[in-house]
Amino acid sequence: MTRALISLCFVLATACGGDDVPVCTGSGCTCADTSCSCVAGADCKTECGDSACSLSCTMSSKCNGNSTDSLVVSCNDSSECKGIGGDASTVTCTASSNCDFKLGADSVATCNTSATCKLQVGARSTITCADSTTCNVKCDGDCLTTCTGSSECAVTCGEAASPATTCSTGVFACGAC
């Protein structure tokens, strides 16, 4: 009897996808496979578990995306986006969006136009802040942050929050330049 119940639970979890399918809650939130979107001022939360997934936020939506694997987020317009992504995550914040993310190693974050970005990234990550953005970056390992245009950047390194090394005008590194 116990084996039959365990087998049934395993079959049901496998049939429903387990952690392989993102769960998106909130009005205006839709998912197709591992790609979710949040539109029209909606408040959306996407949980991807241990699977890679993507989330696109537009039209003043509030988005929260979480994955222990790669998380890809596009935060547009005046949307507010936050979340946690694993290694090799990619976040793009444009227009007047507001982003707050904690990302794993080898991640890439791009903030442009007039976005406000608060980012904590793992080793070997690359951050670009352009136009008139405001970026606050904390690197948990070696990383490189490039600030162009009239962007304002604050970059700190490690748990001690030591100031980053200035490699050249607008280029900051935690670790070697």
# chains A, B, ... in the order shown; residues from 1 in each chain; ligands from 1
>>> select_by_dssp(residues="chain A", states="strand (DSSP E or B)", output="compact mmCIF listing (two decimals) with N, CA, C and O atoms, in the first residue's frame")
# COMPACT_ATOMS: atom_id res chain seq x y z
N VAL A 23 5.39 28.90 -12.00
CA VAL A 23 4.07 29.22 -11.48
C VAL A 23 4.00 30.73 -11.39
O VAL A 23 4.80 31.37 -10.71
N CYS A 24 3.05 31.31 -12.09
CA CYS A 24 2.91 32.76 -12.15
C CYS A 24 1.56 33.12 -11.55
O CYS A 24 0.52 32.63 -12.00
N THR A 25 1.58 33.97 -10.53
CA THR A 25 0.33 34.38 -9.90
C THR A 25 0.15 35.89 -10.05
O THR A 25 1.11 36.63 -10.17
N CYS A 29 -0.78 38.12 -15.45
CA CYS A 29 0.41 37.27 -15.53
C CYS A 29 0.07 36.01 -16.31
O CYS A 29 -0.89 35.31 -16.00
N THR A 30 0.84 35.75 -17.35
CA THR A 30 0.63 34.55 -18.15
C THR A 30 1.96 33.86 -18.43
O THR A 30 3.00 34.52 -18.49
N CYS A 31 1.92 32.55 -18.59
CA CYS A 31 3.13 31.77 -18.91
C CYS A 31 2.86 30.83 -20.07
O CYS A 31 1.76 30.29 -20.20
N ALA A 32 3.86 30.67 -20.90
CA ALA A 32 3.86 29.66 -21.96
C ALA A 32 5.19 28.94 -21.83
O ALA A 32 6.25 29.54 -22.01
N SER A 35 8.38 30.75 -20.24
CA SER A 35 8.40 32.18 -20.49
C SER A 35 7.12 32.82 -19.96
O SER A 35 6.02 32.43 -20.36
N CYS A 36 7.27 33.78 -19.06
CA CYS A 36 6.11 34.44 -18.46
C CYS A 36 6.11 35.93 -18.78
O CYS A 36 7.16 36.51 -19.04
N SER A 37 4.94 36.53 -18.74
CA SER A 37 4.85 37.98 -18.94
C SER A 37 3.83 38.56 -17.98
O SER A 37 2.89 37.90 -17.56
N CYS A 38 4.07 39.82 -17.64
CA CYS A 38 3.21 40.54 -16.72
C CYS A 38 2.93 41.91 -17.34
O CYS A 38 3.87 42.63 -17.67
N ASP A 43 0.31 43.01 -10.65
CA ASP A 43 1.27 42.63 -9.62
C ASP A 43 1.49 41.13 -9.78
O ASP A 43 0.61 40.34 -9.45
N CYS A 44 2.65 40.74 -10.32
CA CYS A 44 2.90 39.34 -10.67
C CYS A 44 4.05 38.76 -9.87
O CYS A 44 5.04 39.44 -9.60
N LYS A 45 3.94 37.49 -9.56
CA LYS A 45 5.01 36.76 -8.90
C LYS A 45 5.22 35.46 -9.67
O LYS A 45 4.28 34.70 -9.87
N THR A 46 6.46 35.24 -10.12
CA THR A 46 6.79 34.04 -10.87
C THR A 46 7.81 33.22 -10.08
O THR A 46 8.89 33.70 -9.77
N GLU A 47 7.44 32.01 -9.76
CA GLU A 47 8.32 31.07 -9.06
C GLU A 47 8.71 29.97 -10.04
O GLU A 47 7.86 29.27 -10.56
N CYS A 53 13.99 30.15 -16.32
CA CYS A 53 12.76 30.73 -16.86
C CYS A 53 13.00 32.19 -17.20
O CYS A 53 14.03 32.77 -16.85
N SER A 54 12.03 32.79 -17.89
CA SER A 54 12.13 34.20 -18.26
C SER A 54 10.85 34.92 -17.88
O SER A 54 9.78 34.31 -17.78
N LEU A 55 10.99 36.23 -17.66
CA LEU A 55 9.87 37.06 -17.25
C LEU A 55 9.99 38.41 -17.93
O LEU A 55 11.05 39.04 -17.88
N SER A 56 8.93 38.85 -18.58
CA SER A 56 8.89 40.16 -19.22
C SER A 56 7.83 41.00 -18.52
O SER A 56 6.69 40.57 -18.37
N CYS A 57 8.23 42.20 -18.08
CA CYS A 57 7.32 43.07 -17.34
C CYS A 57 7.14 44.38 -18.10
O CYS A 57 8.13 45.04 -18.43
N LYS A 62 4.26 45.30 -11.58
CA LYS A 62 5.16 44.97 -10.48
C LYS A 62 5.45 43.48 -10.59
O LYS A 62 4.53 42.67 -10.55
N CYS A 63 6.74 43.15 -10.76
CA CYS A 63 7.11 41.76 -11.00
C CYS A 63 8.11 41.27 -9.97
O CYS A 63 9.01 42.00 -9.57
N ASN A 64 7.95 40.01 -9.59
CA ASN A 64 8.89 39.35 -8.71
C ASN A 64 9.18 37.99 -9.33
O ASN A 64 8.26 37.19 -9.50
N GLY A 65 10.43 37.73 -9.70
CA GLY A 65 10.81 36.46 -10.31
C GLY A 65 11.89 35.77 -9.50
O GLY A 65 12.84 36.42 -9.05
N ASN A 66 11.75 34.46 -9.28
CA ASN A 66 12.72 33.71 -8.50
C ASN A 66 13.03 32.37 -9.16
O ASN A 66 12.12 31.65 -9.56
N LEU A 71 17.73 33.00 -14.47
CA LEU A 71 16.53 33.83 -14.56
C LEU A 71 16.80 34.92 -15.57
O LEU A 71 17.81 35.62 -15.49
N VAL A 72 15.92 35.09 -16.54
CA VAL A 72 16.05 36.14 -17.55
C VAL A 72 14.87 37.08 -17.37
O VAL A 72 13.72 36.66 -17.48
N VAL A 73 15.16 38.35 -17.08
CA VAL A 73 14.10 39.33 -16.83
C VAL A 73 14.29 40.54 -17.72
O VAL A 73 15.40 41.07 -17.84
N SER A 74 13.21 40.99 -18.33
CA SER A 74 13.17 42.24 -19.07
C SER A 74 12.17 43.14 -18.36
O SER A 74 10.97 42.84 -18.34
N CYS A 75 12.67 44.21 -17.75
CA CYS A 75 11.82 45.12 -16.98
C CYS A 75 11.72 46.43 -17.77
O CYS A 75 12.73 47.11 -17.97
N GLU A 80 8.23 47.92 -11.87
CA GLU A 80 9.07 47.65 -10.70
C GLU A 80 9.33 46.15 -10.69
O GLU A 80 8.39 45.35 -10.63
N CYS A 81 10.63 45.77 -10.75
CA CYS A 81 10.98 44.36 -10.84
C CYS A 81 11.99 43.99 -9.78
O CYS A 81 12.92 44.75 -9.52
N LYS A 82 11.81 42.81 -9.20
CA LYS A 82 12.78 42.33 -8.23
C LYS A 82 12.80 40.81 -8.27
O LYS A 82 11.92 40.19 -8.86
N GLY A 83 13.84 40.24 -7.66
CA GLY A 83 13.90 38.80 -7.60
C GLY A 83 15.28 38.26 -7.32
O GLY A 83 16.23 39.01 -7.07
N ILE A 84 15.35 36.94 -7.40
CA ILE A 84 16.58 36.21 -7.15
C ILE A 84 16.78 35.24 -8.30
O ILE A 84 15.88 34.48 -8.64
N GLY A 85 17.98 35.27 -8.90
CA GLY A 85 18.30 34.36 -9.99
C GLY A 85 19.59 33.62 -9.71
O GLY A 85 20.48 34.13 -9.02
N THR A 90 20.24 36.85 -16.53
CA THR A 90 20.33 38.07 -17.32
C THR A 90 19.17 38.98 -16.97
O THR A 90 18.01 38.57 -17.03
N VAL A 91 19.48 40.23 -16.61
CA VAL A 91 18.45 41.21 -16.27
C VAL A 91 18.67 42.45 -17.12
O VAL A 91 19.79 42.95 -17.22
N THR A 92 17.60 42.95 -17.74
CA THR A 92 17.64 44.20 -18.50
C THR A 92 16.56 45.12 -17.96
O THR A 92 15.38 44.74 -17.92
N CYS A 93 16.97 46.31 -17.54
CA CYS A 93 16.04 47.30 -17.01
C CYS A 93 16.09 48.54 -17.90
O CYS A 93 17.17 49.12 -18.07
N ASN A 98 12.38 50.26 -12.24
CA ASN A 98 13.10 50.16 -10.98
C ASN A 98 13.38 48.68 -10.73
O ASN A 98 12.44 47.89 -10.62
N CYS A 99 14.67 48.30 -10.63
CA CYS A 99 15.05 46.90 -10.50
C CYS A 99 15.83 46.64 -9.23
O CYS A 99 16.71 47.42 -8.86
N ASP A 100 15.56 45.52 -8.59
CA ASP A 100 16.26 45.09 -7.37
C ASP A 100 16.46 43.58 -7.48
O ASP A 100 15.50 42.82 -7.30
N PHE A 101 17.70 43.15 -7.80
CA PHE A 101 17.96 41.73 -8.03
C PHE A 101 19.20 41.23 -7.32
O PHE A 101 20.18 41.96 -7.18
N LYS A 102 19.14 39.97 -6.92
CA LYS A 102 20.30 39.24 -6.42
C LYS A 102 20.51 38.09 -7.41
O LYS A 102 19.62 37.25 -7.60
N LEU A 103 21.69 38.11 -8.07
CA LEU A 103 21.97 37.15 -9.14
C LEU A 103 23.23 36.34 -8.84
O LEU A 103 24.15 36.84 -8.20
N VAL A 108 24.64 38.71 -16.14
CA VAL A 108 24.77 39.95 -16.90
C VAL A 108 23.57 40.84 -16.57
O VAL A 108 22.42 40.38 -16.63
N ALA A 109 23.84 42.08 -16.21
CA ALA A 109 22.77 43.04 -15.95
C ALA A 109 23.02 44.29 -16.76
O ALA A 109 24.14 44.79 -16.83
N THR A 110 21.96 44.80 -17.39
CA THR A 110 22.04 46.03 -18.19
C THR A 110 20.94 46.97 -17.74
O THR A 110 19.76 46.60 -17.73
N CYS A 111 21.34 48.18 -17.37
CA CYS A 111 20.38 49.20 -16.97
C CYS A 111 20.57 50.39 -17.91
O CYS A 111 21.70 50.87 -18.07
N THR A 116 16.51 52.72 -12.44
CA THR A 116 17.19 52.67 -11.15
C THR A 116 17.42 51.21 -10.84
O THR A 116 16.47 50.42 -10.80
N CYS A 117 18.70 50.84 -10.62
CA CYS A 117 19.03 49.43 -10.43
C CYS A 117 19.82 49.21 -9.15
O CYS A 117 20.82 49.89 -8.90
N LYS A 118 19.36 48.27 -8.35
CA LYS A 118 20.08 47.80 -7.18
C LYS A 118 20.38 46.33 -7.45
O LYS A 118 19.45 45.53 -7.58
N LEU A 119 21.67 46.00 -7.56
CA LEU A 119 22.06 44.66 -7.97
C LEU A 119 23.11 44.08 -7.04
O LEU A 119 24.06 44.76 -6.67
N GLN A 120 22.92 42.82 -6.71
CA GLN A 120 23.94 42.05 -6.00
C GLN A 120 24.25 40.87 -6.91
O GLN A 120 23.34 40.12 -7.27
N VAL A 121 25.51 40.73 -7.31
CA VAL A 121 25.88 39.72 -8.30
C VAL A 121 27.02 38.84 -7.81
O VAL A 121 27.84 39.25 -6.98
N SER A 125 30.55 38.30 -12.99
CA SER A 125 29.37 38.95 -13.56
C SER A 125 29.76 40.27 -14.21
O SER A 125 30.78 40.88 -13.88
N THR A 126 28.92 40.73 -15.15
CA THR A 126 29.17 41.96 -15.90
C THR A 126 27.93 42.85 -15.81
O THR A 126 26.82 42.40 -16.11
N ILE A 127 28.14 44.10 -15.44
CA ILE A 127 27.04 45.05 -15.30
C ILE A 127 27.32 46.26 -16.18
O ILE A 127 28.44 46.77 -16.20
N THR A 128 26.31 46.72 -16.89
CA THR A 128 26.42 47.92 -17.71
C THR A 128 25.31 48.89 -17.30
O THR A 128 24.13 48.52 -17.29
N CYS A 129 25.71 50.12 -16.99
CA CYS A 129 24.75 51.17 -16.64
C CYS A 129 24.97 52.30 -17.64
O CYS A 129 26.08 52.84 -17.74
N THR A 134 20.71 55.14 -12.49
CA THR A 134 21.32 55.14 -11.17
C THR A 134 21.53 53.68 -10.79
O THR A 134 20.55 52.92 -10.73
N CYS A 135 22.79 53.28 -10.59
CA CYS A 135 23.10 51.89 -10.29
C CYS A 135 23.85 51.75 -8.98
O CYS A 135 24.83 52.45 -8.74
N ASN A 136 23.38 50.84 -8.16
CA ASN A 136 24.04 50.48 -6.91
C ASN A 136 24.37 48.99 -7.05
O ASN A 136 23.46 48.17 -7.08
N VAL A 137 25.67 48.67 -7.15
CA VAL A 137 26.10 47.31 -7.44
C VAL A 137 26.95 46.78 -6.30
O VAL A 137 27.88 47.44 -5.85
N LYS A 138 26.62 45.57 -5.84
CA LYS A 138 27.43 44.86 -4.86
C LYS A 138 27.88 43.56 -5.50
O LYS A 138 27.05 42.75 -5.91
N CYS A 139 29.21 43.37 -5.58
CA CYS A 139 29.77 42.16 -6.17
C CYS A 139 30.21 41.21 -5.06
O CYS A 139 30.97 41.61 -4.18
N CYS A 143 33.94 41.07 -10.43
CA CYS A 143 32.94 41.48 -11.42
C CYS A 143 33.42 42.76 -12.06
O CYS A 143 34.35 43.41 -11.59
N LEU A 144 32.77 43.15 -13.15
CA LEU A 144 33.13 44.36 -13.88
C LEU A 144 31.87 45.17 -14.13
O LEU A 144 30.87 44.64 -14.63
N THR A 145 31.91 46.45 -13.77
CA THR A 145 30.78 47.36 -13.98
C THR A 145 31.23 48.51 -14.85
O THR A 145 32.24 49.15 -14.56
N THR A 146 30.49 48.77 -15.93
CA THR A 146 30.79 49.87 -16.83
C THR A 146 29.65 50.87 -16.78
O THR A 146 28.48 50.50 -16.96
N CYS A 147 29.99 52.12 -16.52
CA CYS A 147 28.99 53.19 -16.42
C CYS A 147 29.28 54.23 -17.50
O CYS A 147 30.39 54.78 -17.56
N GLU A 152 24.90 57.29 -12.78
CA GLU A 152 25.52 57.39 -11.46
C GLU A 152 25.70 55.98 -10.94
O GLU A 152 24.73 55.23 -10.84
N CYS A 153 26.96 55.61 -10.60
CA CYS A 153 27.23 54.25 -10.16
C CYS A 153 27.95 54.22 -8.83
O CYS A 153 28.87 55.00 -8.60
N ALA A 154 27.53 53.31 -7.98
CA ALA A 154 28.22 53.00 -6.73
C ALA A 154 28.48 51.50 -6.78
O ALA A 154 27.54 50.71 -6.91
N VAL A 155 29.75 51.09 -6.70
CA VAL A 155 30.11 49.68 -6.80
C VAL A 155 30.94 49.30 -5.57
O VAL A 155 31.96 49.93 -5.28
N THR A 156 30.49 48.25 -4.86
CA THR A 156 31.23 47.76 -3.70
C THR A 156 31.53 46.27 -3.89
O THR A 156 30.84 45.57 -4.64
N CYS A 157 32.55 45.81 -3.15
CA CYS A 157 33.04 44.44 -3.31
C CYS A 157 33.00 43.66 -2.00
O CYS A 157 33.43 44.19 -0.96
N SER A 162 33.85 46.83 0.38
CA SER A 162 34.99 47.67 0.01
C SER A 162 34.73 48.35 -1.32
O SER A 162 34.10 47.76 -2.20
N PRO A 163 35.22 49.57 -1.51
CA PRO A 163 35.01 50.25 -2.79
C PRO A 163 35.70 49.48 -3.93
O PRO A 163 36.77 48.90 -3.74
N THR A 165 37.71 48.97 -7.53
CA THR A 165 38.86 49.60 -8.16
C THR A 165 38.39 50.34 -9.41
O THR A 165 37.61 49.79 -10.19
N THR A 166 38.85 51.56 -9.62
CA THR A 166 38.54 52.29 -10.84
C THR A 166 39.59 51.93 -11.87
O THR A 166 40.76 52.25 -11.73
N CYS A 167 39.16 51.21 -12.92
CA CYS A 167 40.08 50.76 -13.97
C CYS A 167 40.35 51.87 -14.98
O CYS A 167 41.47 52.03 -15.46
N SER A 168 39.31 52.60 -15.33
CA SER A 168 39.38 53.76 -16.21
C SER A 168 38.09 54.53 -15.99
O SER A 168 37.24 54.11 -15.20
N VAL A 171 34.70 52.70 -15.49
CA VAL A 171 34.86 51.24 -15.44
C VAL A 171 35.38 50.85 -14.05
O VAL A 171 36.45 51.30 -13.63
N PHE A 172 34.59 50.04 -13.35
CA PHE A 172 34.90 49.64 -11.98
C PHE A 172 35.01 48.12 -11.90
O PHE A 172 34.21 47.40 -12.50
N ALA A 173 35.98 47.65 -11.10
CA ALA A 173 36.18 46.21 -10.98
C ALA A 173 36.31 45.80 -9.52
O ALA A 173 36.89 46.50 -8.70
N CYS A 174 35.75 44.65 -9.23
CA CYS A 174 36.04 43.94 -8.00
C CYS A 174 36.90 42.79 -8.47
O CYS A 174 36.46 41.97 -9.26
>>> residues_around(residues="A:Thr113", least_positions_apart="6", cutoff="8 Å", atoms="only C-alpha atoms", output="VMD selection string")
chain A and resid 94 to 96 130 to 133
>>> write_last_selection(atoms="N, CA, C and O atoms", output="CSV table (one decimal), in the first residue's frame")
chain,number,residue,atom,x,y,z
A,94,THR,N,15.0,48.9,-18.5
A,94,THR,CA,14.9,50.1,-19.4
A,94,THR,C,13.9,51.1,-19.0
A,94,THR,O,13.1,50.9,-18.1
A,95,ALA,N,14.0,52.2,-19.7
A,95,ALA,CA,13.1,53.4,-19.5
A,95,ALA,C,13.2,53.8,-18.0
A,95,ALA,O,14.3,53.9,-17.5
A,96,SER,N,12.1,54.0,-17.3
A,96,SER,CA,12.1,54.5,-15.9
A,96,SER,C,11.8,53.3,-15.0
A,96,SER,O,11.3,53.5,-13.9
A,130,ALA,N,23.9,52.7,-18.4
A,130,ALA,CA,24.1,53.6,-19.4
A,130,ALA,C,23.0,54.7,-19.3
A,130,ALA,O,22.1,54.7,-18.6
A,131,ASP,N,23.2,55.8,-20.1
A,131,ASP,CA,22.3,56.9,-20.2
A,131,ASP,C,22.3,57.6,-18.9
A,131,ASP,O,23.3,58.0,-18.4
A,132,SER,N,21.1,57.8,-18.3
A,132,SER,CA,21.0,58.5,-17.0
A,132,SER,C,20.5,57.6,-15.9
A,132,SER,O,19.7,58.0,-15.1
A,133,THR,N,21.0,56.4,-15.9
A,133,THR,CA,20.6,55.4,-14.9
A,133,THR,C,21.3,55.7,-13.5
A,133,THR,O,22.3,56.4,-13.5
>>> atom_distance(atom1="atom CA of A:Asp140", atom2="atom CA of A:Ser79")
26.4 Å
>>> atom_distance(atom1="atom CA of A:Ser78", atom2="atom CA of A:Ala40")
11.0 Å
